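Pasting data.pdb here (PDB, C-alpha atoms):
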MODEL        1
ATOM      1  CA  MET A 342       5.478   6.849   1.871  1.00  0.00           C
ATOM      2  CA  LYS A 343       2.634   6.017   4.222  1.00  0.00           C
ATOM      3  CA  ASP A 344       0.642   9.019   3.007  1.00  0.00           C
ATOM      4  CA  LEU A 345       1.188   8.086  -0.633  1.00  0.00           C
ATOM      5  CA  VAL A 346      -0.137   4.549  -0.146  1.00  0.00           C
ATOM      6  CA  GLU A 347      -3.073   5.787   1.897  1.00  0.00           C
ATOM      7  CA  PHE A 348      -4.003   8.360  -0.768  1.00  0.00           C
ATOM      8  CA  ILE A 349      -3.860   5.858  -3.640  1.00  0.00           C
ATOM      9  CA  VAL A 350      -5.734   3.100  -1.826  1.00  0.00           C
ATOM     10  CA  LYS A 351      -8.508   5.373  -0.544  1.00  0.00           C
ATOM     11  CA  LYS A 352      -9.257   6.358  -4.145  1.00  0.00           C
ATOM     12  CA  LEU A 353      -9.600   2.692  -5.168  1.00  0.00           C
ATOM     13  CA  VAL A 354     -11.790   1.210  -2.419  1.00  0.00           C
ATOM     14  CA  LYS A 355     -15.492   1.519  -1.624  1.00  0.00           C
ATOM     15  CA  LYS A 356     -14.894   2.079   2.112  1.00  0.00           C
ATOM     16  CA  PRO A 357     -12.003   4.562   2.377  1.00  0.00           C
ATOM     17  CA  GLU A 358     -12.627   5.112   6.087  1.00  0.00           C
ATOM     18  CA  ASP A 359     -11.574   1.491   6.772  1.00  0.00           C
ATOM     19  CA  VAL A 360      -8.135   1.823   5.159  1.00  0.00           C
ATOM     20  CA  ALA A 361      -5.257   1.525   7.635  1.00  0.00           C
ATOM     21  CA  VAL A 362      -1.568   1.837   6.800  1.00  0.00           C
ATOM     22  CA  SER A 363       1.159   1.230   9.368  1.00  0.00           C
ATOM     23  CA  SER A 364       4.860   1.807   8.877  1.00  0.00           C
ATOM     24  CA  ILE A 365       7.889  -0.001  10.312  1.00  0.00           C
ATOM     25  CA  GLU A 366      11.168   1.752   9.554  1.00  0.00           C
ATOM     26  CA  SER A 367      14.755   0.617   9.890  1.00  0.00           C
ATOM     27  CA  GLU A 368      18.007   2.144   8.655  1.00  0.00           C
ATOM     28  CA  ASP A 369      17.723   0.946   5.077  1.00  0.00           C
ATOM     29  CA  GLN A 370      14.178  -0.380   4.732  1.00  0.00           C
ATOM     30  CA  ILE A 371      10.573   0.696   5.237  1.00  0.00           C
ATOM     31  CA  VAL A 372       7.834  -1.921   5.605  1.00  0.00           C
ATOM     32  CA  LEU A 373       4.309  -0.658   5.005  1.00  0.00           C
ATOM     33  CA  GLN A 374       1.407  -2.814   6.130  1.00  0.00           C
ATOM     34  CA  LEU A 375      -1.917  -2.151   4.413  1.00  0.00           C
ATOM     35  CA  LYS A 376      -5.210  -3.296   5.868  1.00  0.00           C
ATOM     36  CA  VAL A 377      -8.543  -2.967   4.019  1.00  0.00           C
ATOM     37  CA  GLU A 378     -11.981  -4.566   4.227  1.00  0.00           C
ATOM     38  CA  LYS A 379     -12.285  -8.052   2.732  1.00  0.00           C
ATOM     39  CA  GLU A 380     -14.671  -6.846   0.035  1.00  0.00           C
ATOM     40  CA  ASP A 381     -12.121  -4.223  -1.089  1.00  0.00           C
ATOM     41  CA  MET A 382      -9.222  -6.683  -1.219  1.00  0.00           C
ATOM     42  CA  GLY A 383      -9.931  -7.560  -4.856  1.00  0.00           C
ATOM     43  CA  ARG A 384      -9.858  -3.895  -5.840  1.00  0.00           C
ATOM     44  CA  ILE A 385      -6.415  -3.474  -4.300  1.00  0.00           C
ATOM     45  CA  ILE A 386      -4.913  -6.621  -5.776  1.00  0.00           C
ATOM     46  CA  GLY A 387      -6.498  -6.265  -9.216  1.00  0.00           C
ATOM     47  CA  LYS A 388      -6.545  -8.786 -12.038  1.00  0.00           C
ATOM     48  CA  ASN A 389      -3.443 -10.963 -11.854  1.00  0.00           C
ATOM     49  CA  GLY A 390      -2.045  -8.608  -9.211  1.00  0.00           C
ATOM     50  CA  LYS A 391      -1.577  -5.717 -11.637  1.00  0.00           C
ATOM     51  CA  THR A 392      -2.923  -3.015  -9.313  1.00  0.00           C
ATOM     52  CA  ILE A 393      -0.765  -3.951  -6.320  1.00  0.00           C
ATOM     53  CA  LYS A 394       2.265  -4.267  -8.596  1.00  0.00           C
ATOM     54  CA  ALA A 395       1.626  -0.751  -9.910  1.00  0.00           C
ATOM     55  CA  ILE A 396       1.354   0.635  -6.361  1.00  0.00           C
ATOM     56  CA  ARG A 397       4.619  -1.108  -5.412  1.00  0.00           C
ATOM     57  CA  THR A 398       6.318   0.321  -8.509  1.00  0.00           C
ATOM     58  CA  LEU A 399       5.245   3.841  -7.541  1.00  0.00           C
ATOM     59  CA  LEU A 400       6.603   3.270  -4.036  1.00  0.00           C
ATOM     60  CA  ASN A 401       9.951   2.073  -5.359  1.00  0.00           C
ATOM     61  CA  ILE A 402      10.246   5.165  -7.546  1.00  0.00           C
ATOM     62  CA  ALA A 403       9.312   7.469  -4.670  1.00  0.00           C
ATOM     63  CA  SER A 404      11.707   5.717  -2.278  1.00  0.00           C
ATOM     64  CA  ALA A 405      14.695   6.228  -4.582  1.00  0.00           C
ATOM     65  CA  LYS A 406      15.088   9.770  -3.213  1.00  0.00           C
ATOM     66  CA  LEU A 407      15.255   8.435   0.338  1.00  0.00           C
ATOM     67  CA  GLY A 408      17.795   5.759  -0.494  1.00  0.00           C
ATOM     68  CA  LYS A 409      15.677   3.126   1.256  1.00  0.00           C
ATOM     69  CA  LYS A 410      13.905   0.031   0.051  1.00  0.00           C
ATOM     70  CA  VAL A 411      10.132  -0.058   0.548  1.00  0.00           C
ATOM     71  CA  ASN A 412       8.062  -3.228   0.963  1.00  0.00           C
ATOM     72  CA  LEU A 413       4.259  -3.144   0.870  1.00  0.00           C
ATOM     73  CA  GLU A 414       2.391  -5.954   2.614  1.00  0.00           C
ATOM     74  CA  VAL A 415      -1.356  -6.416   2.286  1.00  0.00           C
ATOM     75  CA  LEU A 416      -2.884  -7.828   5.470  1.00  0.00           C
ATOM     76  CA  GLU A 417      -6.254  -9.521   5.857  1.00  0.00           C
TER
ENDMDL
END
How would this structure read if it were set down as structure tokens?
Amino acid sequence: MKDLVEFIVKKLVKKPEDVAVSSIESEDQIVLQLKVEKEDMGRIIGKNGKTIKAIRTLLNIASAKLGKKVNLEVLE
């Protein structure tokens, strides 16, 4: 999951080298924390949050095979 988020986000931002994704896993849940530069934050969130919602939808589809719930948090 971490690799998927990192791949998608690096294609969207202007500074892909500053993208950091950390993962916290438990038995039934995975929490991914995404950190990008402030100037790239708008690119990740998108208009009315459409881009981040689309990324979260992709994660939920991909996590169905694992049987775990995935949460994506965007950190400043």
Shell around Val377 in chain A at 9 Å using all atoms listed in the file, local window under 3 positions removed, as a CSV table (one decimal) with C-alpha atoms, keeping the file's coordinate frame:
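Just written: result.csv:
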chain,number,residue,atom,x,y,z
A,350,VAL,CA,-5.7,3.1,-1.8
A,354,VAL,CA,-11.8,1.2,-2.4
A,356,LYS,CA,-14.9,2.1,2.1
A,357,PRO,CA,-12.0,4.6,2.4
A,359,ASP,CA,-11.6,1.5,6.8
A,360,VAL,CA,-8.1,1.8,5.2
A,361,ALA,CA,-5.3,1.5,7.6
A,362,VAL,CA,-1.6,1.8,6.8
A,380,GLU,CA,-14.7,-6.8,0.0
A,381,ASP,CA,-12.1,-4.2,-1.1
A,382,MET,CA,-9.2,-6.7,-1.2
A,385,ILE,CA,-6.4,-3.5,-4.3
A,415,VAL,CA,-1.4,-6.4,2.3
A,416,LEU,CA,-2.9,-7.8,5.5
A,417,GLU,CA,-6.3,-9.5,5.9
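With distances restricted to all atoms listed in the file, A:Ile396 is the closest residue to Glu347 in chain A from A:Lys391, A:Lys379, A:Glu366, A:Ile396.
If all atoms listed in the file are the atoms counted, then among A:Met342, A:Glu378, A:Ala395, A:Asn389 the closest residue to Lys409 in chain A is A:Met342.
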Determine the residue membership of the PyMOL selection byres ((chain A and resi 368) around 10) for the file above and supply it as a PyMOL selection string.
-> chain A and resi 366-367+369-371+408-410
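Of note, CA of Val346 in chain A and CA of Lys376 in chain A are spaced 11.1 Å apart.
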10 Å contact set for Arg397 in chain A, all atoms listed in the file, chain neighbours under 6 positions out, as a short mmCIF file (atom, residue, chain, number, x, y, z; two decimals) with C-alpha atoms, in the coordinates of the input:
data_model
loop_
_atom_site.label_atom_id
_atom_site.label_comp_id
_atom_site.auth_asym_id
_atom_site.auth_seq_id
_atom_site.Cartn_x
_atom_site.Cartn_y
_atom_site.Cartn_z
CA VAL A 346 -0.14 4.55 -0.15
CA LYS A 391 -1.58 -5.72 -11.64
CA ALA A 403 9.31 7.47 -4.67
CA VAL A 411 10.13 -0.06 0.55
CA ASN A 412 8.06 -3.23 0.96
CA LEU A 413 4.26 -3.14 0.87
CA GLU A 414 2.39 -5.95 2.61
#
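For the pair CA of Val372 in chain A and CA of Leu400 in chain A, the interatomic distance is 11.0 Å.
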Within 8 Å of Ser363 in chain A using all atoms listed in the file, minus same-chain residues under 6 positions, as an MDAnalysis selection string | chainID A and resid 343 373:375
Take the residues from that selection and put them in a file with C-alpha atoms, as a compact mmCIF listing (two decimals), keeping the file's coordinate frame.
# COMPACT_ATOMS: atom_id res chain seq x y z
CA LYS A 343 2.63 6.02 4.22
CA LEU A 373 4.31 -0.66 5.00
CA GLN A 374 1.41 -2.81 6.13
CA LEU A 375 -1.92 -2.15 4.41
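Taking CA of Lys355 in chain A and CA of Leu399 in chain A as endpoints, the distance between them is 21.7 Å.
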For Ile393 in chain A, which residue among A:Ile349, A:Ile365, A:Ala405, A:Glu358 is the nearest when counting all atoms listed in the file?
-> A:Ile349
Grab all the atoms of range 363-369 of chain A that the file lists, wrap them in a box along x, y and z, add 4 Å per side, and give me centre plus edge lengths in Å (one decimal) as lines of an AutoDock Vina configuration file.
center_x = 9.6
center_y = 1.1
center_z = 7.7
size_x = 24.8
size_y = 10.1
size_z = 13.2
